[in-house]
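J.: Pasting in a structure now, in C-alpha cells, and then I'll have a few things to ask.
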Amino acid sequence: MKSIMEKLLTRTEFREGVFARDDHQCVICRAAGQDAHHIMERRLFCDPGQLGGYFLGNGATLCAAHHIQAEETTLSCEQVREATGITRIILPSHLYDDVRYDKWGNQIEPNGTRLRGELFYDESVQKILAQGGVLNEFLPNTRYQRTYHLPWSNMTKDDRMLEDVSQFEGQEVVVTVKMDGANVTMYPDYIHGRSVKPLAGQDSGMVKALHAQIRHDIPAGWHLCGENLYAKHSIFYGTLPSYFLLFSVWDDRNECLSWDEKIDWAQMLGLTPVPVLYQGLWDEKLFRALYQPQFRGSDMEGYVVRLARRFSYGEFRRSMAKFVRPNFAAGRHNYHSVLELNELAKETELADGEDK
C-alpha cells in the first residue's frame with residue numbers, strides 16, 4: 001500500500017484531533033484514552049513538511065497498557081491502524097512504500113524477522129524492545145539506504161531530492177565517482193545486494209569469491225559496502241582497478257567509519273576504494289561544475305558526496321548525497337540477456353598512486 005501525506009499538524013492539533021476522532025477511547029479496548037500515540041515514531045520524520053510526524057493518519061488513541069505494547073512493538077503498526085480504521089499509511093519520506101516497518105522504523109521481513117533501523121541503537125529504543133522481549137527477532141543485516149539527490153541532480157519519479165545542502169556547509173567532504181554497478185554488502189558470514197536476500201545473479205560469482213577470501217578479517221558485527229562491477233550495466237568499464245570498489249565500512253553499532261578509517265581498512269583487506277574527485281571543505285560552486293562526461297576512458301554516471309567524518313545509520317540521508325547525469329537510467333542492463341563483462345586495467349593504465 002502506498003504511503004500518502006496529509007496536512008502536517010501542530011503537536012496540540014495532533015493530540016486534540018486524534019482524541020476527537022477516536023472519541024477519547026483506546027482504539028484497542030475502548031478504555032479511556034491516555035495517549036495520542038505516534039504509530040510511526042515522530043523522530044523518523046525529519047524532512048521539511050514532515051517534521052515530527054504530526055499527521056492525523058499517524059496517530060491513534062491508546063490506553064496506558066496498549067500504549068506500552070505499541071512502544072514494545074508487541075502490538076504492531078498494522079494492528080493499531082486496523083483498529084483505528086486507518087487505510088492510508090503515513091511513512092517518513094526516506095522509507096520504502098513496499099516495506100513493512102515497526103514503530104521504530106525497523107524493517108520487518110516476510111518471515112517476521114527484522115532488520116536494524118536508524119533508531120535501533122538508541123538507548124531508549126533498546127530498553128523498550130528488550131522490555132517487549134523482541135530483540136531476538138532482529139537479524140544482523142542492514143539494508144543500504146536510499147541516497148538523496150543533490151538539488152542540481154537528475155532524478156527518476158521514485159528518487160528523493162534534498163531540500164537544501166545546509167548540512168554540508170562548512171564540513172569536510174569527500175566526492176567520489178558514482179560507479180554504475182551493483183550494490184553489495186559483506187559481513188563475516190553473509191553477503192547480499194540492495195535487498196538483504198542472499199546474493200545471486202550471473203555476475204555474483206567474482207564478488208562471492210572475494211568475500212570468501214576476506215570474510216574472516218571482517219570484525220564481528222561489522223559490514224562493508226561496495227560496488228560489484230564485474231558486468232556492464234549501462235556503462236562499459238575497460239580500465240577498472242578492481243571488479244569490487246569499496247565505498248563504506250560500518251562498525252558493530254551501525255556507524256559509518258570516517259573516510260580515512262575506511263581507507264585504512266581498504267588497505268588492510270586489500271580492497272580498492274571508489275575513485276576520489278575531491279576531498280576538502282564543501283564548495284557548492286565547484287560541485288555544480290564537477291561532472292564530466294567521461295572519467296578514465298569511460299562514461300561517468302555521476303558523483304557521490306559524503307561527510308568525511310563518521311556518521312550513524314540514522315544520519316545517512318543528512319551525510320550523503322549524489323548527482324546523476326541526465327537520462328542515465330534509459331540504458332539499464334537487461335539481466336536476462338548475456339552478460340557483457342567489464343575489463344580490468346593493465347598495470348600501465350593504472351593511475352599513479354592508485355591501489356592495485
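Letters A, B, ... go to the chains of the C-alpha cells in the order shown; residues in each chain start at 1; ligands are counted from 1 in the same order.
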Could you pull the residues within 12 Å of Gln294 (chain A), counting only C-alpha atoms, minus those fewer than 5 positions along the same chain, as a list in words?
T.: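 That gives Val177, Lys178, Met179, Ile235, Phe236, Tyr237, Asp299, Met300, Glu301, Gly302, Tyr303 and Arg325 of chain A.
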J.: Suppose we keep C-alpha atoms; can you now write the selection as a short mmCIF file (atom, residue, chain, number, x, y, z; two decimals), in the first residue's frame?
T.:
```cif
data_model
loop_
_atom_site.label_atom_id
_atom_site.label_comp_id
_atom_site.auth_asym_id
_atom_site.auth_seq_id
_atom_site.Cartn_x
_atom_site.Cartn_y
_atom_site.Cartn_z
CA VAL A 177 32.84 8.83 -8.77
CA LYS A 178 29.39 7.19 -8.84
CA MET A 179 30.07 3.84 -10.43
CA ILE A 235 28.38 1.82 -18.85
CA PHE A 236 31.24 -0.33 -20.09
CA TYR A 237 34.41 -0.02 -18.00
CA ASP A 299 31.24 7.43 -19.41
CA MET A 300 30.64 8.96 -15.99
CA GLU A 301 27.34 8.20 -14.28
CA GLY A 302 27.72 10.97 -11.72
CA TYR A 303 29.29 11.50 -8.31
CA ARG A 325 23.77 12.73 -15.20
#
```
J.: So that I can check the surroundings of region 149-160 of chain A, please list as a PDB file with N, CA and C atoms, in the first residue's frame every protein, DNA and RNA residue that reaches within 8 Å of it, counting only C-alpha atoms and ignoring chain neighbours fewer than 6 positions away.
T.:
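The new file selection.pdb reads:
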```
ATOM      1  N   HIS A  94      11.864   8.996   3.556  1.00  0.00           N
ATOM      2  CA  HIS A  94      13.048   8.235   3.169  1.00  0.00           C
ATOM      3  C   HIS A  94      12.833   6.732   3.292  1.00  0.00           C
ATOM      4  N   ARG A 288      28.839  21.997  -8.477  1.00  0.00           N
ATOM      5  CA  ARG A 288      27.861  22.155  -9.557  1.00  0.00           C
ATOM      6  C   ARG A 288      28.511  22.012 -10.937  1.00  0.00           C
ATOM      7  N   ALA A 321      24.922  12.427  -0.420  1.00  0.00           N
ATOM      8  CA  ALA A 321      24.027  12.875  -1.496  1.00  0.00           C
ATOM      9  C   ALA A 321      24.718  12.560  -2.821  1.00  0.00           C
ATOM     10  N   LYS A 322      23.944  12.579  -3.901  1.00  0.00           N
ATOM     11  CA  LYS A 322      24.515  12.201  -5.191  1.00  0.00           C
ATOM     12  C   LYS A 322      24.056  13.132  -6.306  1.00  0.00           C
ATOM     13  N   PHE A 323      24.867  13.154  -7.341  1.00  0.00           N
ATOM     14  CA  PHE A 323      24.496  13.783  -8.610  1.00  0.00           C
ATOM     15  C   PHE A 323      24.504  12.690  -9.665  1.00  0.00           C
ATOM     16  N   VAL A 324      23.454  12.634 -10.489  1.00  0.00           N
ATOM     17  CA  VAL A 324      23.365  11.675 -11.583  1.00  0.00           C
ATOM     18  C   VAL A 324      23.142  12.451 -12.876  1.00  0.00           C
ATOM     19  N   ARG A 325      23.842  12.033 -13.918  1.00  0.00           N
ATOM     20  CA  ARG A 325      23.771  12.734 -15.200  1.00  0.00           C
ATOM     21  C   ARG A 325      22.357  12.614 -15.804  1.00  0.00           C
ATOM     22  N   PRO A 326      21.996  13.471 -16.755  1.00  0.00           N
ATOM     23  CA  PRO A 326      20.673  13.400 -17.385  1.00  0.00           C
ATOM     24  C   PRO A 326      20.463  12.082 -18.129  1.00  0.00           C
ATOM     25  N   ASN A 327      19.231  11.591 -18.080  1.00  0.00           N
ATOM     26  CA  ASN A 327      18.802  10.420 -18.849  1.00  0.00           C
ATOM     27  C   ASN A 327      19.640   9.172 -18.585  1.00  0.00           C
TER      28      ASN A 327
END
```
J.: Counting only C-alpha atoms, give me one row per residue of region 132-212 of chain A with an atom at most 12 Å from an atom of region 338-342 of chain A, showing the shortest contact pair and its distance in Å to one decimal, sorted by chain then residue number, as JSON lines.
T.:
```
{"residue": "A:Asp180", "atom": "CA", "partner": "A:Asn342", "partner_atom": "CA", "distance": 11.0}
{"residue": "A:Gly181", "atom": "CA", "partner": "A:Asn342", "partner_atom": "CA", "distance": 10.2}
{"residue": "A:Gly201", "atom": "CA", "partner": "A:Leu339", "partner_atom": "CA", "distance": 10.5}
{"residue": "A:Gln202", "atom": "CA", "partner": "A:Leu339", "partner_atom": "CA", "distance": 7.5}
{"residue": "A:Asp203", "atom": "CA", "partner": "A:Leu339", "partner_atom": "CA", "distance": 7.7}
{"residue": "A:Ser204", "atom": "CA", "partner": "A:Leu339", "partner_atom": "CA", "distance": 11.5}
{"residue": "A:Met206", "atom": "CA", "partner": "A:Leu341", "partner_atom": "CA", "distance": 11.4}
```
J.: Expressed in Å to a single decimal, how great is the separation between CA of Arg42 (chain A) and CA of Ser93 (chain A)?
T.: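 So the answer is 12.5 Å.
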J.: Go through region 278-334 of chain A and flag each residue having an atom no more than 12 Å from region 116-130 of chain A; for those, report the closest pair of atoms plus their distance in Å to one decimal, using only C-alpha atoms, ordered by chain and rising number, as a tab-separated table.
T.:
```
residue	atom	partner	partner_atom	distance
A:Phe311	CA	A:Glu118	CA	11.3
A:Ser312	CA	A:Glu118	CA	7.8
A:Tyr313	CA	A:Glu118	CA	5.3
A:Gly314	CA	A:Glu118	CA	4.2
A:Glu315	CA	A:Glu118	CA	7.9
A:Phe316	CA	A:Glu118	CA	8.7
A:Arg317	CA	A:Glu118	CA	10.6
```
J.: So that I can check the surroundings of Phe14 (chain A), please list as a VMD selection string every protein, DNA and RNA residue that reaches within 12 Å of it, counting only C-alpha atoms and ignoring chain neighbours fewer than 5 positions away.
T.: chain A and resid 6 to 9 19 to 21 35 to 38 42 52 to 61
J.: Fewer than 5 positions away in the same chain doesn't count, so skip those; otherwise give me all residues within 6 Å of region 257-262 of chain A, counting only C-alpha atoms, as a list of chain:residue names.
T.: A:Val249, A:Trp250, A:Ala308, A:Arg309, A:Arg310
J.: For the atom pair CA of Ala182 (chain A) and CA of Arg114 (chain A), what is the interatomic distance in Å to one decimal place?
T.: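 Taking CA of Ala182 (chain A) and CA of Arg114 (chain A), their separation equals 23.5 Å.
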J.: If you run DSSP on the backbone, which residues of region 6-214 of chain A are helix (DSSP H, G or I), as a PyMOL selection string?
T.: chain A and resi 11-21+42-44+51-53+56-58+64-72+77-84+123-131+135-137+166-168+205-214
J.: What residues in region 30-247 of chain A get the DSSP label strand (DSSP E)? Please answer as a PyMOL selection string.
T.: chain A and resi 35-38+59-62+100-101+107-108+114-115+172-178+182-186+191-192+223-228+244-247
J.: Between A:Arg318, A:Cys77, A:Asn106, A:Ala231, which has the minimum distance to Cys46 (chain A) (counting only C-alpha atoms)?
T.: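 Smallest distance to Cys46 (chain A) is found for A:Arg318.
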J.: Neighbouring residues of Gln167 (chain A) were defined as those with any atom within 12 Å, considering only C-alpha atoms; residues of the same chain fewer than 2 positions away were excluded. Please report them as a CSV table (one decimal) with C-alpha atoms, in the first residue's frame.
T.:
```csv
chain,number,residue,atom,x,y,z
A,150,LEU,CA,21.6,17.0,-4.8
A,162,LEU,CA,17.5,17.2,-0.7
A,163,GLU,CA,15.6,20.4,0.0
A,164,ASP,CA,18.9,22.2,0.6
A,165,VAL,CA,22.5,21.4,1.3
A,169,GLU,CA,28.2,23.7,4.6
A,170,GLY,CA,31.5,24.2,6.5
A,171,GLN,CA,32.1,20.5,6.6
A,172,GLU,CA,34.9,18.4,5.2
A,173,VAL,CA,33.5,16.2,2.4
A,282,TRP,CA,32.2,21.8,1.0
A,305,VAL,CA,29.3,13.4,-1.8
A,306,ARG,CA,29.7,12.2,1.8
A,307,LEU,CA,30.9,13.8,5.0
A,315,GLU,CA,22.3,10.4,9.9
A,316,PHE,CA,22.8,8.7,6.5
A,317,ARG,CA,20.4,10.9,4.5
A,318,ARG,CA,22.0,14.0,6.0
A,319,SER,CA,25.5,12.8,5.4
A,320,MET,CA,25.5,11.6,1.8
A,321,ALA,CA,24.0,12.9,-1.5
```
